[in-house]
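> I have a structure I would like to understand better, so I am pasting it below and will then ask my questions one at a time.
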Amino acid sequence: MDQPVRPLVTFVLRLWREPGAQEGDAGWRGLIRPLDGNEAYENEATFHGLDNLAAALRPLLMKRETPSTEPGTPK
């Protein structure tokens, strides 16, 4: 039984703490950018606190979702 191959999506994740930021996960800030030379900077996502990382990543992944019925998609 053939199963479709999911596309590989690679991102750059930058994490930092501002001087004087609160302790713990909420003190982190970050930037996520797709690692694709054809992507414009409007596809970046910023977030505050590690709890918000998944919420910031989800819209970027949804843009990448390709239905398996599209021409050229491996079956």
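Ordering of the structure tokens sets the chain letters (A, B, ...), residue numbers begin anew at 1 in every chain, and ligands are numbered from 1 in the order given.
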Excluding Leu50 (chain A) and any residue of its chain fewer than 6 positions from it, enumerate the residues within 12 Å of it, using only C-alpha atoms, and give them as a VMD selection string.

chain A and resid 13 to 17 23 to 31 56 to 57

> Provide the CA of Val12 (chain A) to CA of Pro59 (chain A) distance in Å, to one decimal place.

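Result for CA of Val12 (chain A) versus CA of Pro59 (chain A): 15.0 Å, one decimal.
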